$ cat run_30.csv   # CSV, C-alpha atoms
chain,number,residue,atom,x,y,z
B,1,LYS,CA,30.1,-23.5,147.1
B,2,ILE,CA,28.0,-26.3,148.4
B,3,LEU,CA,24.9,-27.4,146.5
B,4,GLY,CA,22.2,-29.8,147.2
B,5,LEU,CA,21.6,-32.6,144.7
B,6,ASP,CA,18.6,-30.5,143.4
B,7,GLY,CA,20.9,-27.6,142.6
B,8,SER,CA,19.9,-25.5,145.6
B,9,LEU,CA,22.6,-23.4,147.1
B,10,ARG,CA,23.5,-24.4,150.7
B,11,GLN,CA,26.7,-22.4,151.2
B,12,MET,CA,28.9,-19.9,149.3
B,13,ASN,CA,31.9,-17.8,150.4
B,14,ARG,CA,32.2,-14.1,149.8
B,15,ALA,CA,34.2,-14.5,146.5
B,16,GLY,CA,31.4,-16.7,145.1
B,17,LEU,CA,28.7,-14.2,146.2
B,18,ASP,CA,30.7,-11.5,144.3
B,19,MET,CA,30.8,-13.7,141.2
B,20,ILE,CA,27.0,-13.9,141.1
B,21,GLU,CA,26.6,-10.3,142.3
B,22,ALA,CA,24.8,-11.3,145.5
B,23,ASP,CA,24.9,-8.9,148.4
B,24,SER,CA,24.6,-11.6,151.0
B,25,LEU,CA,24.2,-15.4,151.5
B,26,ASP,CA,20.6,-14.9,152.7
B,27,GLN,CA,19.8,-13.5,149.2
B,28,VAL,CA,20.6,-16.8,147.5
B,29,VAL,CA,20.7,-19.7,150.1
B,30,GLY,CA,18.1,-22.3,149.4
B,31,LYS,CA,17.5,-21.1,145.9
B,32,SER,CA,18.5,-23.0,142.7
B,33,ILE,CA,21.8,-21.9,141.3
B,34,LEU,CA,20.4,-22.4,137.8
B,35,GLY,CA,18.8,-19.0,138.1
B,36,VAL,CA,22.2,-17.3,137.5
B,37,ILE,CA,23.5,-19.9,134.9
B,38,ALA,CA,23.3,-18.5,131.4
B,39,PRO,CA,20.5,-20.3,129.4
B,40,GLN,CA,22.9,-21.9,126.9
B,41,ASP,CA,24.9,-23.5,129.8
B,42,ARG,CA,22.1,-24.8,132.0
B,43,GLU,CA,21.9,-28.2,130.5
B,44,ALA,CA,25.7,-28.8,130.8
B,45,PHE,CA,25.6,-27.5,134.4
B,46,THR,CA,22.7,-29.8,135.3
B,47,GLY,CA,24.6,-32.7,133.6
B,48,LEU,CA,27.6,-32.0,135.8
B,49,ASN,CA,25.4,-32.0,138.9
B,50,GLU,CA,23.9,-35.3,137.9
B,51,ARG,CA,27.3,-36.9,137.3
B,52,VAL,CA,28.5,-35.7,140.7
B,53,GLY,CA,25.3,-37.0,142.3
B,54,ARG,CA,26.3,-40.5,140.9
B,55,GLY,CA,29.7,-40.2,142.6
B,56,GLU,CA,31.8,-38.8,139.9
B,57,SER,CA,33.8,-35.6,140.0
B,58,GLY,CA,33.9,-33.1,137.1
B,59,MET,CA,34.8,-29.8,135.7
B,60,LEU,CA,32.8,-27.3,133.7
B,61,GLU,CA,33.3,-23.9,132.2
B,62,PHE,CA,30.1,-21.8,132.0
B,63,GLU,CA,28.7,-18.3,131.8
B,64,VAL,CA,26.7,-16.7,134.6
B,65,ILE,CA,24.4,-13.7,134.5
B,66,GLY,CA,24.7,-12.1,137.9
B,67,LEU,CA,21.8,-10.8,140.0
B,68,LYS,CA,22.7,-7.3,138.8
B,69,GLY,CA,23.0,-8.3,135.2
B,70,GLY,CA,26.8,-8.7,134.8
B,71,HIS,CA,28.1,-11.5,132.7
B,72,ARG,CA,31.1,-13.6,133.8
B,73,TRP,CA,32.7,-16.9,132.8
B,74,LEU,CA,33.4,-19.3,135.6
B,75,GLU,CA,35.2,-22.6,135.8
B,76,THR,CA,34.1,-25.0,138.5
B,77,HIS,CA,35.5,-28.3,139.8
B,78,ALA,CA,32.9,-30.4,141.6
B,79,VAL,CA,33.1,-33.5,143.8
B,80,PRO,CA,30.4,-35.4,145.7
B,81,MET,CA,29.8,-34.8,149.4
B,82,HIS,CA,29.0,-37.8,151.5
B,83,GLU,CA,27.0,-38.1,154.7
B,84,GLU,CA,26.3,-41.4,156.4
B,85,GLY,CA,27.5,-43.4,153.4
B,86,ARG,CA,25.4,-41.6,150.8
B,87,ILE,CA,25.9,-38.6,148.5
B,88,ASN,CA,23.9,-35.7,149.8
B,89,GLY,CA,25.3,-32.8,147.8
B,90,LEU,CA,28.3,-31.5,145.9
B,91,LEU,CA,31.2,-29.3,146.8
B,92,SER,CA,32.8,-27.1,144.2
B,93,VAL,CA,35.7,-24.8,143.8
B,94,THR,CA,35.0,-22.1,141.3
B,95,ARG,CA,37.1,-19.4,139.8
B,96,ASP,CA,36.4,-16.5,137.5
B,97,VAL,CA,37.9,-17.0,134.1
B,98,THR,CA,36.2,-14.1,132.4
B,99,GLN,CA,39.5,-12.3,131.3
B,100,ARG,CA,40.9,-15.5,129.7
B,101,LYS,CA,37.5,-16.2,128.0
B,102,GLN,CA,37.3,-12.6,126.7
B,103,ALA,CA,40.9,-12.8,125.4
B,104,GLU,CA,40.1,-16.1,123.6
B,105,MET,CA,37.0,-14.6,122.0
B,106,ALA,CA,39.0,-11.5,120.9
B,107,ALA,CA,41.7,-13.7,119.4
B,108,SER,CA,39.1,-15.8,117.6
B,109,ARG,CA,37.5,-12.7,116.2
B,110,ALA,CA,40.9,-11.4,115.1
B,111,ASP,CA,41.7,-14.8,113.4
B,112,ARG,CA,38.4,-14.7,111.6
B,113,LEU,CA,39.0,-11.2,110.4
B,114,LEU,CA,42.5,-12.0,109.3
B,115,HIS,CA,41.3,-15.1,107.4
B,116,GLU,CA,38.6,-13.0,105.6
B,117,ALA,CA,41.2,-10.4,104.7
B,118,ILE,CA,43.6,-13.0,103.3
B,119,GLU,CA,40.9,-14.7,101.3
B,120,SER,CA,39.8,-11.3,99.8
B,121,ILE,CA,43.2,-10.9,98.1
B,122,ALA,CA,42.8,-11.8,94.4
B,123,GLU,CA,46.4,-13.0,93.9
B,124,GLY,CA,47.9,-16.0,95.5
B,125,PHE,CA,49.0,-15.1,99.1
B,126,THR,CA,51.1,-17.1,101.5
B,127,ILE,CA,52.8,-16.8,104.9
B,128,TYR,CA,55.6,-19.1,105.7
B,129,ASP,CA,57.4,-19.4,109.0
B,130,GLU,CA,61.1,-19.1,109.7
B,131,ASN,CA,61.5,-22.8,108.7
B,132,ASP,CA,59.9,-22.3,105.3
B,133,ARG,CA,56.7,-24.1,106.5
B,134,LEU,CA,53.4,-23.0,105.3
B,135,VAL,CA,51.4,-21.1,107.9
B,136,VAL,CA,48.5,-19.8,105.8
B,137,CYS,CA,47.5,-19.3,102.2
B,138,ASN,CA,44.5,-18.1,100.4
B,139,GLU,CA,42.2,-19.9,97.9
B,140,ALA,CA,43.9,-18.1,95.0
B,141,TYR,CA,47.2,-19.6,95.9
B,142,ARG,CA,45.7,-23.1,96.1
B,143,ASN,CA,44.2,-22.6,92.7
B,144,ILE,CA,47.7,-22.0,91.2
B,145,TYR,CA,48.6,-25.6,92.0
B,146,ASP,CA,45.2,-26.8,90.9
B,147,THR,CA,45.8,-30.6,91.1
B,148,SER,CA,48.2,-30.4,94.0
B,149,ARG,CA,45.8,-29.0,96.5
B,150,ASP,CA,46.5,-31.9,98.8
B,151,LEU,CA,50.1,-30.7,99.1
B,152,ILE,CA,49.1,-27.2,100.2
B,153,VAL,CA,48.4,-27.7,103.9
B,154,PRO,CA,49.7,-25.9,107.0
B,155,GLY,CA,53.1,-27.3,107.9
B,156,ALA,CA,54.1,-28.2,104.4
B,157,SER,CA,57.5,-26.8,103.3
B,158,PHE,CA,57.8,-24.5,100.4
B,159,GLU,CA,60.3,-27.0,98.9
B,160,GLU,CA,57.8,-29.8,99.1
B,161,ILE,CA,55.0,-27.8,97.5
B,162,VAL,CA,57.2,-26.6,94.6
B,163,ARG,CA,59.0,-30.0,94.1
B,164,LYS,CA,55.8,-32.1,94.1
B,165,GLY,CA,54.1,-29.4,92.0
B,166,ALA,CA,56.9,-29.6,89.5
B,167,GLU,CA,56.7,-33.4,89.5
B,168,ARG,CA,53.1,-33.0,88.5
B,169,GLY,CA,54.1,-30.5,85.8
B,170,GLN,CA,52.6,-27.5,87.5
B,171,TYR,CA,55.5,-25.5,88.8
B,172,GLN,CA,56.6,-24.1,85.5
B,173,GLN,CA,53.1,-23.1,84.6
B,174,ALA,CA,52.6,-21.6,88.1
B,175,LEU,CA,55.9,-19.8,88.1
B,176,GLY,CA,54.6,-17.5,85.3
B,177,GLN,CA,51.6,-16.6,87.5
B,178,VAL,CA,53.4,-15.9,90.8
B,179,ASP,CA,55.5,-12.9,91.7
B,180,THR,CA,58.2,-13.7,94.2
B,181,TRP,CA,60.6,-11.5,96.1

$ encode --input "run_30.csv" --output "structure tokens"
Amino acid sequence: KILGLDGSLRQMNRAGLDMIEADSLDQVVGKSILGVIAPQDREAFTGLNERVGRGESGMLEFEVIGLKGGHRWLETHAVPMHEEGRINGLLSVTRDVTQRKQAEMAASRADRLLHEAIESIAEGFTIYDENDRLVVCNEAYRNIYDTSRDLIVPGASFEEIVRKGAERGQYQQALGQVDTW
């Protein structure tokens, strides 16, 4: 797409028109593109346009609300356009990243739900990877090694946690509280 420094749309290809749910270029040319930018992303979008207006290039991921109400996530790369030695607009290449963004949001929700489920377990709970490195544990597990909490971090090995806990006199006490298999 090609925008004026004021954010008005000068030119857009068919793929861009589809992204904002416009039926034709006539429907949007000369109008501010901010009208389709989701409210929470307008400030960042305006900031990108200002930076490009000063001669910088930039990239931004933002949400649009199309003319027919559809929501999409877009990623744009913008560079200044020059005419007669001055910047007179910006040229951007934009792609639809909605599927990736939806997958990221779904993964984030799943992570949050998993974390909540793990924390709801009353007993100490851990997951170690194939190299015996801690991936996740709940608060109840951290409480077993009360004064060794600084040792119980993702990536710490089971051996390090137990050895350092034993050095602090905690392992024998904790062993009586933990079922292992």

$ closest_residue --input "run_30.csv" --among "B:Lys164, B:Arg54, B:Arg100, B:Arg95" --to "Ala15 of chain B" --atoms "all atoms listed in the file"
B:Arg95

$ residues_around --input "run_30.csv" --residues "Ile33 of chain B" --least-positions-apart "5" --cutoff "9 Å" --atoms "all atoms listed in the file" --output "list in words"
Leu3, Gly7, Ser8, Leu9 and Val28 of chain B

$ write_last_selection --input "run_30.csv" --atoms "C-alpha atoms" --output "CSV table (one decimal), in the frame of the given file"
chain,number,residue,atom,x,y,z
B,3,LEU,CA,24.9,-27.4,146.5
B,7,GLY,CA,20.9,-27.6,142.6
B,8,SER,CA,19.9,-25.5,145.6
B,9,LEU,CA,22.6,-23.4,147.1
B,28,VAL,CA,20.6,-16.8,147.5

$ atom_distance --input "run_30.csv" --atom1 "atom CA of Asp111 of chain B" --atom2 "atom CA of Val135 of chain B"
12.8 Å

$ atom_distance --input "run_30.csv" --atom1 "atom CA of Ala156 of chain B" --atom2 "atom CA of Met105 of chain B"
28.1 Å

$ closest_residue --input "run_30.csv" --among "B:Gln102, B:Thr46, B:Ser57, B:Thr76" --to "Gly16 of chain B" --atoms "only C-alpha atoms"
B:Thr76

$ residues_around --input "run_30.csv" --residues "Phe45 of chain B" --least-positions-apart "6" --cutoff "9 Å" --atoms "only C-alpha atoms" --output "VMD selection string"
chain B and resid 34 37 60 to 62

$ atom_distance --input "run_30.csv" --atom1 "atom CA of Ile65 of chain B" --atom2 "atom CA of Gly4 of chain B"
20.6 Å

$ closest_residue --input "run_30.csv" --among "B:Asp150, B:Ile118, B:Gly58, B:Leu67" --to "Val93 of chain B" --atoms "all atoms listed in the file"
B:Gly58

$ closest_residue --input "run_30.csv" --among "B:Ala110, B:Leu90, B:Val52, B:Leu74" --to "Ala38 of chain B" --atoms "all atoms listed in the file"
B:Leu74

$ residues_around --input "run_30.csv" --residues "Ile121 of chain B" --least-positions-apart "2" --cutoff "12 Å" --atoms "only C-alpha atoms" --output "list in words"
Leu114, His115, Glu116, Ala117, Ile118, Glu119, Glu123, Gly124, Phe125, Thr126, Cys137, Asn138, Glu139, Ala140 and Tyr141 of chain B

$ write_last_selection --input "run_30.csv" --atoms "C-alpha atoms" --output "PDB file, in the coordinates of the input"
ATOM      1  CA  LEU B 114      42.500 -12.000 109.300  1.00  0.00           C
ATOM      2  CA  HIS B 115      41.300 -15.100 107.400  1.00  0.00           C
ATOM      3  CA  GLU B 116      38.600 -13.000 105.600  1.00  0.00           C
ATOM      4  CA  ALA B 117      41.200 -10.400 104.700  1.00  0.00           C
ATOM      5  CA  ILE B 118      43.600 -13.000 103.300  1.00  0.00           C
ATOM      6  CA  GLU B 119      40.900 -14.700 101.300  1.00  0.00           C
ATOM      7  CA  GLU B 123      46.400 -13.000  93.900  1.00  0.00           C
ATOM      8  CA  GLY B 124      47.900 -16.000  95.500  1.00  0.00           C
ATOM      9  CA  PHE B 125      49.000 -15.100  99.100  1.00  0.00           C
ATOM     10  CA  THR B 126      51.100 -17.100 101.500  1.00  0.00           C
ATOM     11  CA  CYS B 137      47.500 -19.300 102.200  1.00  0.00           C
ATOM     12  CA  ASN B 138      44.500 -18.100 100.400  1.00  0.00           C
ATOM     13  CA  GLU B 139      42.200 -19.900  97.900  1.00  0.00           C
ATOM     14  CA  ALA B 140      43.900 -18.100  95.000  1.00  0.00           C
ATOM     15  CA  TYR B 141      47.200 -19.600  95.900  1.00  0.00           C
TER      16      TYR B 141
END

$ closest_residue --input "run_30.csv" --among "B:Asp96, B:Met81, B:Lys31, B:Leu48" --to "Asp18 of chain B" --atoms "all atoms listed in the file"
B:Asp96

$ residues_near_point --input "run_30.csv" --point "(25.9, -29.6, 149.5)" --cutoff "12 Å" --atoms "all atoms listed in the file" --output "ChimeraX atom specification"
/B:1-12,29-30,33,49,52-53,78-83,87-92

$ decode --input "run_30.csv" --residues "segment 132-157 of chain B" --atoms "N, CA, C and O atoms" --output "short mmCIF file (atom, residue, chain, number, x, y, z; two decimals), in the first residue's frame"
data_model
loop_
_atom_site.label_atom_id
_atom_site.label_comp_id
_atom_site.auth_asym_id
_atom_site.auth_seq_id
_atom_site.Cartn_x
_atom_site.Cartn_y
_atom_site.Cartn_z
N ASP B 132 16.86 -34.75 32.67
CA ASP B 132 16.63 -34.52 34.10
C ASP B 132 16.76 -33.05 34.48
O ASP B 132 17.26 -32.71 35.56
N ARG B 133 16.31 -32.18 33.61
CA ARG B 133 16.28 -30.74 33.87
C ARG B 133 14.85 -30.33 34.17
O ARG B 133 13.91 -30.75 33.48
N LEU B 134 14.67 -29.51 35.18
CA LEU B 134 13.35 -29.07 35.59
C LEU B 134 12.70 -28.24 34.50
O LEU B 134 13.27 -27.27 34.01
N VAL B 135 11.49 -28.63 34.13
CA VAL B 135 10.71 -27.87 33.17
C VAL B 135 9.69 -27.01 33.91
O VAL B 135 9.57 -25.82 33.67
N VAL B 136 8.97 -27.65 34.83
CA VAL B 136 7.94 -26.93 35.58
C VAL B 136 7.73 -27.61 36.92
O VAL B 136 7.95 -28.82 37.05
N CYS B 137 7.35 -26.82 37.90
CA CYS B 137 6.95 -27.37 39.19
C CYS B 137 5.93 -26.44 39.81
O CYS B 137 5.80 -25.29 39.40
N ASN B 138 5.21 -26.96 40.78
CA ASN B 138 4.21 -26.12 41.43
C ASN B 138 4.75 -25.54 42.73
O ASN B 138 5.85 -25.88 43.19
N GLU B 139 3.95 -24.66 43.31
CA GLU B 139 4.35 -24.00 44.56
C GLU B 139 4.52 -25.01 45.69
O GLU B 139 5.41 -24.86 46.53
N ALA B 140 3.69 -26.06 45.71
CA ALA B 140 3.80 -27.07 46.77
C ALA B 140 5.17 -27.75 46.72
O ALA B 140 5.77 -28.03 47.75
N TYR B 141 5.72 -27.99 45.52
CA TYR B 141 7.06 -28.58 45.39
C TYR B 141 8.11 -27.60 45.91
O TYR B 141 9.01 -27.98 46.65
N ARG B 142 7.97 -26.34 45.55
CA ARG B 142 8.93 -25.33 46.03
C ARG B 142 8.91 -25.26 47.56
O ARG B 142 9.94 -25.06 48.18
N ASN B 143 7.75 -25.43 48.15
CA ASN B 143 7.63 -25.36 49.61
C ASN B 143 8.33 -26.53 50.31
O ASN B 143 8.71 -26.41 51.47
N ILE B 144 8.51 -27.65 49.62
CA ILE B 144 9.22 -28.79 50.20
C ILE B 144 10.66 -28.39 50.52
O ILE B 144 11.22 -28.75 51.54
N TYR B 145 11.27 -27.64 49.61
CA TYR B 145 12.66 -27.21 49.77
C TYR B 145 12.69 -25.75 50.24
O TYR B 145 13.47 -24.94 49.76
N ASP B 146 11.87 -25.45 51.15
CA ASP B 146 11.62 -24.14 51.71
C ASP B 146 12.76 -23.13 51.55
O ASP B 146 12.58 -22.09 50.94
N THR B 147 13.94 -23.42 52.07
CA THR B 147 15.02 -22.43 52.02
C THR B 147 15.89 -22.57 50.77
O THR B 147 16.85 -21.85 50.61
N SER B 148 15.56 -23.50 49.90
CA SER B 148 16.35 -23.69 48.67
C SER B 148 15.57 -23.23 47.44
O SER B 148 15.85 -23.67 46.34
N ARG B 149 14.62 -22.36 47.63
CA ARG B 149 13.77 -21.93 46.52
C ARG B 149 14.57 -21.38 45.36
O ARG B 149 14.18 -21.51 44.22
N ASP B 150 15.72 -20.76 45.65
CA ASP B 150 16.54 -20.21 44.59
C ASP B 150 17.13 -21.29 43.69
O ASP B 150 17.56 -21.02 42.58
N LEU B 151 17.14 -22.53 44.14
CA LEU B 151 17.66 -23.65 43.35
C LEU B 151 16.62 -24.22 42.40
O LEU B 151 16.96 -24.88 41.43
N ILE B 152 15.37 -23.99 42.70
CA ILE B 152 14.29 -24.64 41.97
C ILE B 152 13.82 -23.70 40.87
O ILE B 152 12.82 -22.99 40.99
N VAL B 153 14.58 -23.72 39.79
CA VAL B 153 14.30 -22.87 38.64
C VAL B 153 14.33 -23.72 37.37
O VAL B 153 15.03 -24.74 37.33
N PRO B 154 13.55 -23.35 36.36
CA PRO B 154 13.59 -24.11 35.11
C PRO B 154 15.03 -24.27 34.61
O PRO B 154 15.81 -23.33 34.63
N GLY B 155 15.36 -25.47 34.23
CA GLY B 155 16.70 -25.78 33.74
C GLY B 155 17.61 -26.40 34.78
O GLY B 155 18.63 -26.99 34.44
N ALA B 156 17.25 -26.27 36.06
CA ALA B 156 18.07 -26.88 37.11
C ALA B 156 17.91 -28.40 37.03
O ALA B 156 16.83 -28.91 36.73
N SER B 157 18.98 -29.10 37.26
CA SER B 157 18.89 -30.57 37.20
C SER B 157 18.35 -31.11 38.52
O SER B 157 18.50 -30.50 39.58
#
